[in-house]
file data23.cif (mmCIF, C-alpha atoms)
data_final
loop_
_atom_site.label_atom_id
_atom_site.label_comp_id
_atom_site.auth_asym_id
_atom_site.auth_seq_id
_atom_site.Cartn_x
_atom_site.Cartn_y
_atom_site.Cartn_z
CA MET O 1 -22.43 -45.05 45.60
CA SER O 2 -19.69 -42.90 44.16
CA ASN O 3 -19.25 -39.32 45.29
CA ASP O 4 -20.31 -37.58 42.15
CA LYS O 5 -23.32 -39.59 41.10
CA VAL O 6 -26.72 -39.70 42.72
CA GLU O 7 -28.56 -42.99 42.50
CA PHE O 8 -32.25 -42.30 42.65
CA THR O 9 -32.75 -45.09 45.15
CA GLN O 10 -30.28 -43.44 47.49
CA MET O 11 -31.43 -39.88 47.44
CA ASP O 12 -31.86 -38.14 50.77
CA ALA O 13 -34.43 -35.69 52.10
CA MET O 14 -32.66 -32.75 50.55
CA HIS O 15 -32.82 -34.24 47.05
CA TYR O 16 -36.49 -34.96 47.54
CA ASP O 17 -37.06 -31.38 48.67
CA VAL O 18 -35.37 -30.06 45.57
CA LEU O 19 -37.38 -32.29 43.25
CA ARG O 20 -40.54 -31.35 45.08
CA GLU O 21 -39.75 -27.66 44.72
CA ILE O 22 -38.91 -27.68 41.02
CA CYS O 23 -41.99 -29.75 40.28
CA ASN O 24 -44.05 -27.43 42.42
CA ILE O 25 -43.08 -24.59 40.14
CA GLY O 26 -43.58 -26.66 37.00
CA ALA O 27 -46.97 -27.93 38.07
CA GLY O 28 -47.93 -24.46 39.26
CA ASN O 29 -47.27 -23.12 35.82
CA ALA O 30 -49.22 -25.95 34.23
CA THR O 31 -52.15 -25.53 36.57
CA THR O 32 -52.29 -21.82 35.79
CA ALA O 33 -52.32 -22.63 32.08
CA LEU O 34 -55.14 -25.10 32.67
CA ALA O 35 -57.16 -22.63 34.74
CA LYS O 36 -56.78 -19.92 32.12
CA MET O 37 -57.74 -22.25 29.33
CA LEU O 38 -60.86 -23.48 31.11
CA ASN O 39 -61.58 -20.16 32.76
CA VAL O 40 -62.14 -21.84 36.13
CA LYS O 41 -60.29 -21.89 39.43
CA VAL O 42 -58.01 -24.91 39.75
CA ASP O 43 -56.27 -25.76 43.00
CA MET O 44 -53.05 -27.66 43.23
CA GLN O 45 -51.60 -29.82 45.97
CA VAL O 46 -47.97 -29.75 47.04
CA PRO O 47 -46.13 -32.32 44.90
CA LYS O 48 -45.34 -35.67 46.44
CA VAL O 49 -42.06 -37.40 45.77
CA ASP O 50 -42.21 -41.10 46.46
CA LEU O 51 -40.07 -44.09 45.78
CA VAL O 52 -42.70 -46.72 45.04
CA ASP O 53 -42.39 -50.49 44.69
CA PHE O 54 -43.72 -51.71 41.35
CA LYS O 55 -46.35 -53.80 43.02
CA ASN O 56 -47.84 -50.70 44.67
CA LEU O 57 -47.46 -48.40 41.70
CA ALA O 58 -51.02 -48.50 40.45
CA ASP O 59 -52.48 -48.12 43.94
CA VAL O 60 -50.93 -44.67 44.13
CA VAL O 61 -53.24 -43.45 41.40
CA GLY O 62 -56.38 -45.27 42.47
CA GLY O 63 -55.96 -48.95 41.61
CA ALA O 64 -54.75 -50.83 38.54
CA GLU O 65 -58.16 -51.18 36.91
CA THR O 66 -59.32 -47.57 37.19
CA VAL O 67 -59.88 -46.26 33.69
CA ASP O 68 -57.84 -43.14 33.10
CA VAL O 69 -56.54 -41.05 30.28
CA GLY O 70 -52.78 -41.03 30.04
CA ILE O 71 -50.95 -38.45 27.99
CA LEU O 72 -47.32 -39.34 27.52
CA LEU O 73 -44.48 -37.21 26.23
CA MET O 74 -40.96 -38.41 25.67
CA LEU O 75 -38.33 -35.99 26.93
CA GLU O 76 -35.09 -35.40 25.15
CA GLY O 77 -32.20 -33.02 25.60
CA ASN O 78 -30.33 -32.50 28.87
CA VAL O 79 -33.08 -34.26 30.75
CA GLU O 80 -34.36 -37.48 29.24
CA GLY O 81 -37.27 -39.58 30.28
CA MET O 82 -41.03 -39.36 30.21
CA MET O 83 -43.64 -37.01 31.41
CA MET O 84 -47.13 -38.31 32.07
CA PHE O 85 -50.28 -36.45 32.64
CA ILE O 86 -53.01 -38.67 34.08
CA LEU O 87 -56.64 -37.70 34.26
CA GLU O 88 -59.75 -39.62 35.21
CA LYS O 89 -61.67 -40.50 32.08
CA ASP O 90 -64.77 -38.48 33.00
CA THR O 91 -62.64 -35.58 34.16
CA ALA O 92 -60.81 -35.51 30.86
CA GLN O 93 -64.00 -35.55 28.87
CA LYS O 94 -65.54 -32.78 30.98
CA MET O 95 -62.41 -30.76 30.57
CA VAL O 96 -62.37 -30.83 26.79
CA ARG O 97 -66.10 -30.18 26.67
CA MET O 98 -65.69 -27.15 28.91
CA LEU O 99 -63.03 -26.00 26.53
CA MET O 100 -65.21 -26.45 23.48
CA GLY O 101 -68.34 -25.09 25.17
CA MET O 102 -70.23 -28.36 24.91
CA PRO O 103 -72.72 -29.83 27.42
CA LEU O 104 -71.09 -31.76 30.28
CA ASP O 105 -73.69 -34.49 30.63
CA ASP O 106 -74.00 -37.72 28.67
CA LEU O 107 -70.34 -38.72 28.97
CA GLY O 108 -69.13 -41.82 27.22
CA GLU O 109 -66.86 -42.62 24.33
CA PHE O 110 -64.61 -39.81 23.18
CA SER O 111 -65.35 -38.31 19.78
CA GLU O 112 -62.50 -37.74 17.33
CA MET O 113 -62.65 -34.04 18.07
CA GLU O 114 -62.57 -34.59 21.82
CA LEU O 115 -59.53 -36.83 21.49
CA SER O 116 -57.74 -34.29 19.40
CA ALA O 117 -58.61 -31.48 21.82
CA LEU O 118 -57.43 -33.62 24.71
CA GLN O 119 -54.10 -34.15 23.04
CA GLU O 120 -53.76 -30.42 22.57
CA VAL O 121 -54.66 -29.78 26.22
CA GLY O 122 -51.96 -32.24 27.19
CA ASN O 123 -49.52 -30.46 24.95
CA ILE O 124 -50.21 -27.02 26.44
CA ILE O 125 -50.21 -28.18 30.04
CA THR O 126 -47.11 -30.31 29.90
CA GLY O 127 -45.43 -27.59 27.86
CA ALA O 128 -46.09 -25.12 30.67
CA TYR O 129 -44.69 -27.59 33.17
CA LEU O 130 -41.57 -28.31 31.19
CA SER O 131 -40.77 -24.73 30.28
CA ALA O 132 -40.82 -23.80 33.97
CA LEU O 133 -38.54 -26.73 34.68
CA SER O 134 -36.26 -25.79 31.85
CA ASP O 135 -36.04 -22.11 32.89
CA LEU O 136 -35.30 -23.01 36.47
CA THR O 137 -32.57 -25.51 35.74
CA LYS O 138 -31.23 -23.71 32.66
CA MET O 139 -31.42 -26.98 30.85
CA TYR O 140 -32.63 -27.78 27.41
CA ILE O 141 -35.62 -30.09 27.50
CA ASN O 142 -37.37 -31.07 24.32
CA ALA O 143 -40.71 -32.88 24.45
CA SER O 144 -42.18 -35.14 21.79
CA ILE O 145 -45.73 -34.77 20.58
CA PRO O 146 -48.25 -36.04 23.14
CA TYR O 147 -49.29 -39.68 22.89
CA LEU O 148 -52.66 -40.64 24.24
CA ALA O 149 -54.05 -43.80 25.80
CA ILE O 150 -57.39 -44.39 27.49
CA ASP O 151 -57.15 -47.57 29.50
CA MET O 152 -56.58 -49.20 32.88
CA VAL O 153 -54.11 -47.05 34.76
CA GLY O 154 -52.05 -50.12 35.65
CA ALA O 155 -51.50 -50.80 31.97
CA ILE O 156 -50.70 -47.16 31.22
CA LEU O 157 -48.17 -47.03 34.05
CA SER O 158 -46.49 -50.21 32.85
CA VAL O 159 -44.80 -48.11 30.17
CA PRO O 160 -42.75 -45.96 32.57
CA ALA O 161 -42.46 -48.84 35.06
CA ILE O 162 -40.62 -50.93 32.50
CA GLU O 163 -38.08 -48.13 32.10
CA PHE O 164 -37.46 -48.12 35.84
CA GLY O 165 -37.41 -51.91 35.77
CA LYS O 166 -34.20 -51.85 33.78
CA ILE O 167 -32.34 -50.52 36.79
CA GLY O 168 -34.26 -51.51 39.88
CA ASP O 169 -37.50 -52.56 41.50
CA LYS O 170 -38.82 -49.17 42.42
CA ALA O 171 -40.09 -46.20 40.50
CA LEU O 172 -39.63 -42.61 41.53
CA LEU O 173 -42.92 -40.81 41.22
CA ILE O 174 -43.05 -37.07 41.38
CA GLN O 175 -46.73 -36.46 41.34
CA THR O 176 -48.85 -33.40 41.69
CA GLU O 177 -52.54 -33.59 42.22
CA PHE O 178 -54.68 -30.74 41.08
CA GLY O 179 -58.38 -30.23 41.34
CA GLU O 180 -61.31 -27.94 41.14
CA LYS O 181 -64.18 -28.75 43.47
CA ASP O 182 -67.22 -27.81 41.38
CA THR O 183 -66.24 -29.36 38.09
CA ASN O 184 -63.91 -31.98 39.48
CA VAL O 185 -61.06 -31.32 37.16
CA ASN O 186 -58.43 -33.46 38.81
CA GLY O 187 -55.50 -35.55 37.86
CA TYR O 188 -51.79 -36.10 38.22
CA PHE O 189 -48.57 -35.00 36.66
CA ILE O 190 -45.88 -37.60 36.82
CA LEU O 191 -42.35 -36.77 35.86
CA ILE O 192 -40.16 -39.75 35.11
CA PRO O 193 -36.58 -38.75 34.36
CA THR O 194 -34.14 -41.50 33.37
CA PRO O 195 -31.72 -42.39 36.18
CA ASP O 196 -28.90 -40.39 34.59
CA SER O 197 -31.05 -37.32 34.34
CA TYR O 198 -31.33 -36.88 38.10
CA ASP O 199 -27.65 -36.26 38.12
CA THR O 200 -28.03 -33.60 35.45
CA ILE O 201 -30.86 -31.92 37.34
CA PHE O 202 -28.97 -31.79 40.62
CA LYS O 203 -25.78 -30.64 38.95
CA SER O 204 -27.54 -27.82 37.14
CA LEU O 205 -28.90 -26.62 40.45
CA GLY O 206 -25.43 -26.65 41.96
CA LEU O 207 -26.12 -29.50 44.34
CA LEU O 208 -23.29 -31.74 43.24
CA MET U 1 -65.20 -70.53 46.94
CA GLY U 2 -61.44 -70.13 47.18
CA GLU U 3 -59.37 -67.03 47.41
CA LEU U 4 -58.14 -64.78 44.64
CA ILE U 5 -54.35 -64.67 44.75
CA LYS U 6 -52.87 -61.40 43.44
CA VAL U 7 -49.68 -61.23 41.44
CA GLY U 8 -48.11 -57.76 41.30
CA MET U 9 -45.83 -56.24 38.71
CA ALA U 10 -42.58 -58.24 38.51
CA ASP U 11 -44.05 -60.80 40.87
CA ALA U 12 -45.04 -64.49 40.75
CA ASN U 13 -47.14 -66.94 42.70
CA ILE U 14 -48.48 -70.50 42.75
CA CYS U 15 -52.16 -71.39 42.78
CA LEU U 16 -54.06 -74.58 43.57
CA PRO U 17 -57.86 -75.15 43.46
CA PRO U 18 -60.17 -73.84 44.81
CA ASP U 19 -58.15 -70.61 44.64
CA ARG U 20 -57.75 -68.52 41.51
CA ILE U 21 -54.84 -66.32 40.54
CA THR U 22 -54.92 -62.88 38.95
CA THR U 23 -52.80 -59.96 37.78
CA LEU U 24 -54.34 -56.55 37.16
CA GLY U 25 -53.74 -54.04 34.40
CA LEU U 26 -51.19 -55.76 32.19
CA GLY U 27 -49.91 -53.26 29.66
CA SER U 28 -46.66 -54.00 27.88
CA CYS U 29 -45.90 -56.60 30.55
CA ILE U 30 -46.79 -60.26 30.02
CA GLY U 31 -48.76 -62.53 32.29
CA VAL U 32 -47.52 -66.11 31.87
CA VAL U 33 -49.58 -68.96 33.29
CA ILE U 34 -48.07 -72.42 33.43
CA TYR U 35 -50.22 -75.29 34.65
CA ASP U 36 -50.64 -79.01 34.89
CA PRO U 37 -54.26 -79.75 33.89
CA ILE U 38 -54.15 -83.20 35.47
CA LYS U 39 -52.57 -82.39 38.83
CA LYS U 40 -54.27 -78.96 38.77
CA VAL U 41 -51.16 -77.12 39.86
CA SER U 42 -50.73 -73.67 38.36
CA GLY U 43 -48.60 -70.57 38.65
CA MET U 44 -48.47 -67.09 37.21
CA VAL U 45 -45.63 -64.64 36.65
CA HIS U 46 -45.92 -60.96 35.66
CA ILE U 47 -42.96 -60.27 33.38
CA MET U 48 -41.70 -56.75 32.63
CA LEU U 49 -38.55 -57.28 30.60
CA PRO U 50 -37.40 -59.83 28.03
CA ASP U 51 -33.87 -60.66 29.10
CA SER U 52 -32.02 -60.60 32.43
CA THR U 53 -28.62 -61.00 30.80
CA LYS U 54 -28.84 -57.46 29.44
CA ILE U 55 -29.53 -55.94 32.84
CA GLN U 56 -27.18 -55.35 35.75
CA ASN U 57 -29.57 -55.49 38.67
CA LYS U 58 -31.33 -58.87 38.43
CA GLU U 59 -32.18 -59.29 42.08
CA ASN U 60 -35.86 -59.72 41.30
CA ARG U 61 -35.89 -62.76 39.01
CA ALA U 62 -39.65 -62.60 38.43
CA LYS U 63 -39.16 -59.42 36.42
CA PHE U 64 -37.51 -61.12 33.42
CA ALA U 65 -38.82 -63.64 30.91
CA ASP U 66 -35.81 -65.97 31.18
CA THR U 67 -35.39 -66.12 34.95
CA GLY U 68 -39.07 -65.55 35.79
CA ILE U 69 -40.31 -68.50 33.76
CA GLU U 70 -37.45 -70.72 34.94
CA ASP U 71 -38.31 -70.06 38.60
CA LEU U 72 -42.03 -70.42 38.04
CA LEU U 73 -41.45 -73.80 36.40
CA ALA U 74 -39.28 -74.97 39.30
CA ASN U 75 -41.90 -73.88 41.84
CA ILE U 76 -44.75 -75.61 39.99
CA LEU U 77 -42.77 -78.85 39.76
CA ALA U 78 -41.98 -78.57 43.48
CA LYS U 79 -45.74 -78.40 44.13
CA GLY U 80 -46.26 -81.75 42.43
CA ALA U 81 -46.86 -80.87 38.78
CA ILE U 82 -45.53 -83.32 36.18
CA LYS U 83 -43.27 -81.78 33.57
CA ARG U 84 -44.78 -83.56 30.55
CA ASN U 85 -48.32 -82.41 31.48
CA LEU U 86 -47.41 -78.76 31.56
CA VAL U 87 -49.01 -76.22 29.23
CA ALA U 88 -48.92 -72.43 29.14
CA LYS U 89 -51.21 -69.51 28.43
CA ILE U 90 -49.90 -66.01 27.91
CA ALA U 91 -51.49 -62.55 27.69
CA GLY U 92 -50.38 -58.93 27.57
CA GLY U 93 -47.52 -57.37 25.65
CA ALA U 94 -49.59 -54.50 24.31
CA GLN U 95 -48.24 -51.30 22.89
CA MET U 96 -50.10 -48.84 25.06
CA PHE U 97 -49.22 -45.68 23.16
CA ALA U 98 -49.44 -45.45 19.39
CA PHE U 99 -45.94 -44.18 18.75
CA SER U 100 -44.98 -43.25 15.25
CA THR U 101 -41.26 -43.40 15.93
CA ASN U 102 -39.09 -46.44 15.62
CA ASN U 103 -37.84 -46.01 19.16
CA ASP U 104 -37.02 -49.53 20.26
CA MET U 105 -37.77 -48.74 23.88
CA LEU U 106 -41.41 -48.35 22.97
CA LYS U 107 -41.85 -51.73 21.31
CA ILE U 108 -41.15 -53.52 24.55
CA GLY U 109 -44.53 -55.31 24.54
CA ALA U 110 -43.77 -57.24 21.38
CA ARG U 111 -40.25 -58.04 22.55
CA ASN U 112 -41.61 -59.32 25.87
CA ALA U 113 -44.07 -61.60 24.08
CA GLU U 114 -41.37 -62.99 21.82
CA ALA U 115 -39.03 -63.62 24.72
CA CYS U 116 -41.71 -65.45 26.73
CA LYS U 117 -42.50 -67.69 23.75
CA SER U 118 -38.89 -68.60 23.16
CA VAL U 119 -38.23 -69.33 26.85
CA LEU U 120 -41.34 -71.54 27.04
CA ALA U 121 -40.23 -73.32 23.86
CA LYS U 122 -36.78 -73.86 25.37
CA PHE U 123 -38.38 -75.64 28.34
CA GLY U 124 -40.64 -77.61 26.00
CA ILE U 125 -43.87 -76.16 27.38
CA PRO U 126 -46.51 -75.71 24.63
CA ILE U 127 -48.52 -72.48 24.57
CA ILE U 128 -52.14 -73.54 24.16
CA ALA U 129 -53.67 -70.06 24.26
CA GLU U 130 -52.37 -66.58 23.68
CA ASP U 131 -53.77 -63.06 23.70
CA THR U 132 -50.89 -60.68 23.14
CA GLY U 133 -50.19 -57.46 21.29
CA ALA U 134 -52.70 -54.78 20.21
CA ASN U 135 -52.95 -51.53 22.13
CA PHE U 136 -55.08 -52.20 25.19
CA GLY U 137 -54.52 -53.20 28.79
CA ARG U 138 -55.65 -56.55 30.14
CA THR U 139 -56.54 -57.98 33.52
CA ILE U 140 -56.23 -61.76 33.64
CA GLU U 141 -57.56 -64.35 36.05
CA PHE U 142 -56.74 -68.04 35.93
CA ASP U 143 -58.72 -70.89 37.43
CA PRO U 144 -56.58 -74.04 37.84
CA GLU U 145 -59.74 -76.14 38.29
CA THR U 146 -61.04 -75.43 34.78
CA GLY U 147 -57.84 -74.27 33.09
CA GLN U 148 -59.67 -71.19 31.82
CA LEU U 149 -57.90 -67.86 31.58
CA LEU U 150 -60.29 -64.94 31.84
CA VAL U 151 -59.27 -61.73 30.06
CA ARG U 152 -60.87 -58.43 31.00
CA CYS U 153 -60.33 -55.23 28.99
CA VAL U 154 -61.81 -51.75 29.02
CA GLY U 155 -64.81 -51.35 26.73
CA LYS U 156 -64.87 -55.00 25.63
CA ASN U 157 -66.71 -58.04 26.83
CA THR U 158 -64.80 -60.36 29.12
CA TYR U 159 -63.57 -63.46 27.32
CA TYR U 160 -61.80 -66.71 28.06
CA ILE U 161 -58.77 -68.12 26.34
#

call {"tool": "encode", "arguments": {"input": "data23.cif", "output": "structure tokens"}}
result
Amino acid sequence: MSNDKVEFTQMDAMHYDVLREICNIGAGNATTALAKMLNVKVDMQVPKVDLVDFKNLADVVGGAETVDVGILLMLEGNVEGMMMFILEKDTAQKMVRMLMGMPLDDLGEFSEMELSALQEVGNIITGAYLSALSDLTKMYINASIPYLAIDMVGAILSVPAIEFGKIGDKALLIQTEFGEKDTNVNGYFILIPTPDSYDTIFKSLGLL
Amino acid sequence: MGELIKVGMADANICLPPDRITTLGLGSCIGVVIYDPIKKVSGMVHIMLPDSTKIQNKENRAKFADTGIEDLLANILAKGAIKRNLVAKIAGGAQMFAFSTNNDMLKIGARNAEACKSVLAKFGIPIIAEDTGANFGRTIEFDPETGQLLVRCVGKNTYYI
């Protein structure tokens, strides 16, 4: 490891603390946006930063075959990578129905309108997350439009895992769980910067 | 009833009857099964990337189509399979998100499938069944006794290839 470059596999407790803190603020912002939008109280857990082996990746979010909604945004600018917003399928459907003032029972296939609303929810929430991150680090982060997949979470996570696979056998997951007891709005934010972007993040915060 | 052997992401294993072998939630990755239907020796590898020569860190050989299939083949032969009997079945390589851009990074599923086919062709192993591409995840389970590869997807009936 050279002196001026942080390999994400070799980060120490301080680096983890920093990532946890900036994601705490980002996710806090996003959760507030979500709560306002749904007009309900949404709690958020302290973000977890974990270096996970590929083979355990899906277990972190409840097992490879759990059906979830994944909303993916590609990040460009000073920080590159992916941002994922993962929600349980039922949770996601309840959420958009709350938003549209529709009955919460009789869940099943998503209608066109529900899918479109879900994409917009993803856009607003991840936007709130990223703008906090961008303000804090004074970096320019540009997000793509949200891409949506409803499938086994193992398959959804294979997309970011392959990116990590190009450089190692572990993925760095920065995940924040949020939830609301009565309506069970819960899910995860996962921020997946490219390896080079960690450097940029730490540098911008004056840690290198 | 035998056991169900699990193959993780960028992982491989060998399977003999009465056991079966599975890998869960294949997205853009490819599950490659190579087996000898006569000796009933089989193996599965869960491939993430097409080519190890383009990557610096290739410690985990199961991750790549070229090295993963080569090692799997060696291990199957070591377990008593006969080279000329060998056949392959492959599944996975989906494009999980419907991207409109031409970003090459995002077409990894198709590139993985192509790479697996060309590596298998190089070793002279015919692919007798294939379920690749599209935009959905797959869980696969292989039974070396019957040679059937079960494919399970969300919202579809389970099928065999």

call {"tool": "closest_residue", "arguments": {"input": "data23.cif", "among": "U:Cys15, U:Leu120, U:Ala65, U:Ala91", "to": "Gly133 of chain U", "atoms": "all atoms listed in the file"}}
result
U:Ala91

call {"tool": "closest_atom_pairs", "arguments": {"input": "data23.cif", "of": "segment 47-139 of chain O", "to": "segment 27-42 of chain U", "cutoff": "12 Å", "atoms": "only C-alpha atoms", "output": "tab-separated table"}}
result
residue	atom	partner	partner_atom	distance
O:Ala58	CA	U:Gly27	CA	11.8
O:Ala64	CA	U:Gly27	CA	10.4
O:Glu65	CA	U:Gly27	CA	11.2

call {"tool": "resolve_selection", "arguments": {"input": "data23.cif", "expression": "the PyMOL selection byres ((chain U) within 7 of (chain O))", "output": "VMD selection string"}}
result
chain U and resid 8 to 9 24 to 29 48 to 49 55 57 96 to 99 136 to 137 154

call {"tool": "atom_distance", "arguments": {"input": "data23.cif", "atom1": "atom CA of Tyr129 of chain O", "atom2": "atom CA of Ile192 of chain O"}}
result
13.1 Å

call {"tool": "atom_distance", "arguments": {"input": "data23.cif", "atom1": "atom CA of Leu51 of chain O", "atom2": "atom CA of Ala10 of chain U"}}
result
16.1 Å

call {"tool": "residues_around", "arguments": {"input": "data23.cif", "residues": "Ile125 of chain O", "least_positions_apart": "5", "cutoff": "9 Å", "atoms": "only C-alpha atoms", "output": "PDB file with C-alpha atoms, in the frame of the given file"}}
result
ATOM      1  CA  ALA O  27     -46.970 -27.930  38.070  1.00  0.00           C
ATOM      2  CA  ASN O  29     -47.270 -23.120  35.820  1.00  0.00           C
ATOM      3  CA  ALA O  30     -49.220 -25.950  34.230  1.00  0.00           C
ATOM      4  CA  THR O  31     -52.150 -25.530  36.570  1.00  0.00           C
ATOM      5  CA  THR O  32     -52.290 -21.820  35.790  1.00  0.00           C
ATOM      6  CA  ALA O  33     -52.320 -22.630  32.080  1.00  0.00           C
ATOM      7  CA  LEU O  34     -55.140 -25.100  32.670  1.00  0.00           C
ATOM      8  CA  PHE O  85     -50.280 -36.450  32.640  1.00  0.00           C
ATOM      9  CA  GLU O 120     -53.760 -30.420  22.570  1.00  0.00           C
ATOM     10  CA  LEU O 130     -41.570 -28.310  31.190  1.00  0.00           C
TER      11      LEU O 130
END

call {"tool": "atom_distance", "arguments": {"input": "data23.cif", "atom1": "atom CA of Asn75 of chain U", "atom2": "atom CA of Glu141 of chain U"}}
result
19.2 Å

call {"tool": "decode", "arguments": {"input": "data23.cif", "residues": "segment 34-87 of chain U", "atoms": "C-alpha atoms", "output": "PDB file, in the first residue's frame"}}
result
ATOM      1  CA  ILE U  34     -20.051 -29.613 -16.599  1.00  0.00           C
ATOM      2  CA  TYR U  35     -20.872 -33.290 -16.208  1.00  0.00           C
ATOM      3  CA  ASP U  36     -20.204 -36.792 -17.372  1.00  0.00           C
ATOM      4  CA  PRO U  37     -23.630 -38.437 -17.844  1.00  0.00           C
ATOM      5  CA  ILE U  38     -22.125 -41.921 -17.805  1.00  0.00           C
ATOM      6  CA  LYS U  39     -19.830 -41.670 -14.782  1.00  0.00           C
ATOM      7  CA  LYS U  40     -22.297 -39.242 -13.154  1.00  0.00           C
ATOM      8  CA  VAL U  41     -19.600 -36.839 -12.069  1.00  0.00           C
ATOM      9  CA  SER U  42     -20.588 -33.180 -12.142  1.00  0.00           C
ATOM     10  CA  GLY U  43     -19.366 -29.778 -11.081  1.00  0.00           C
ATOM     11  CA  MET U  44     -20.618 -26.216 -11.030  1.00  0.00           C
ATOM     12  CA  VAL U  45     -18.847 -22.871 -11.128  1.00  0.00           C
ATOM     13  CA  HIS U  46     -20.390 -19.426 -10.513  1.00  0.00           C
ATOM     14  CA  ILE U  47     -18.604 -17.049 -12.869  1.00  0.00           C
ATOM     15  CA  MET U  48     -18.610 -13.264 -12.411  1.00  0.00           C
ATOM     16  CA  LEU U  49     -16.251 -11.971 -15.065  1.00  0.00           C
ATOM     17  CA  PRO U  50     -15.351 -13.021 -18.611  1.00  0.00           C
ATOM     18  CA  ASP U  51     -11.575 -12.804 -18.682  1.00  0.00           C
ATOM     19  CA  SER U  52      -8.850 -13.106 -16.030  1.00  0.00           C
ATOM     20  CA  THR U  53      -6.160 -11.739 -18.330  1.00  0.00           C
ATOM     21  CA  LYS U  54      -7.722  -8.278 -18.117  1.00  0.00           C
ATOM     22  CA  ILE U  55      -7.668  -8.228 -14.327  1.00  0.00           C
ATOM     23  CA  GLN U  56      -4.761  -7.754 -11.949  1.00  0.00           C
ATOM     24  CA  ASN U  57      -5.967  -9.641  -8.914  1.00  0.00           C
ATOM     25  CA  LYS U  58      -6.765 -13.174 -10.111  1.00  0.00           C
ATOM     26  CA  GLU U  59      -6.270 -14.971  -6.832  1.00  0.00           C
ATOM     27  CA  ASN U  60      -9.755 -16.440  -6.966  1.00  0.00           C
ATOM     28  CA  ARG U  61      -9.713 -18.425 -10.215  1.00  0.00           C
ATOM     29  CA  ALA U  62     -13.370 -19.456  -9.923  1.00  0.00           C
ATOM     30  CA  LYS U  63     -14.392 -15.866 -10.570  1.00  0.00           C
ATOM     31  CA  PHE U  64     -13.395 -15.848 -14.255  1.00  0.00           C
ATOM     32  CA  ALA U  65     -14.723 -17.770 -17.244  1.00  0.00           C
ATOM     33  CA  ASP U  66     -11.290 -18.818 -18.520  1.00  0.00           C
ATOM     34  CA  THR U  67      -9.667 -19.957 -15.279  1.00  0.00           C
ATOM     35  CA  GLY U  68     -12.904 -21.038 -13.563  1.00  0.00           C
ATOM     36  CA  ILE U  69     -13.908 -23.461 -16.306  1.00  0.00           C
ATOM     37  CA  GLU U  70     -10.345 -24.750 -16.687  1.00  0.00           C
ATOM     38  CA  ASP U  71     -10.136 -25.595 -12.977  1.00  0.00           C
ATOM     39  CA  LEU U  72     -13.609 -27.091 -12.879  1.00  0.00           C
ATOM     40  CA  LEU U  73     -12.717 -29.347 -15.798  1.00  0.00           C
ATOM     41  CA  ALA U  74      -9.514 -30.493 -14.085  1.00  0.00           C
ATOM     42  CA  ASN U  75     -11.380 -31.255 -10.858  1.00  0.00           C
ATOM     43  CA  ILE U  76     -14.107 -33.238 -12.632  1.00  0.00           C
ATOM     44  CA  LEU U  77     -11.528 -35.305 -14.505  1.00  0.00           C
ATOM     45  CA  ALA U  78      -9.701 -35.916 -11.221  1.00  0.00           C
ATOM     46  CA  LYS U  79     -12.971 -37.320  -9.817  1.00  0.00           C
ATOM     47  CA  GLY U  80     -13.099 -39.938 -12.562  1.00  0.00           C
ATOM     48  CA  ALA U  81     -15.043 -38.260 -15.368  1.00  0.00           C
ATOM     49  CA  ILE U  82     -14.010 -39.138 -18.933  1.00  0.00           C
ATOM     50  CA  LYS U  83     -13.183 -36.163 -21.118  1.00  0.00           C
ATOM     51  CA  ARG U  84     -15.049 -37.353 -24.229  1.00  0.00           C
ATOM     52  CA  ASN U  85     -18.283 -37.903 -22.240  1.00  0.00           C
ATOM     53  CA  LEU U  86     -18.388 -34.385 -20.905  1.00  0.00           C
ATOM     54  CA  VAL U  87     -21.253 -32.009 -21.680  1.00  0.00           C
TER      55      VAL U  87
END
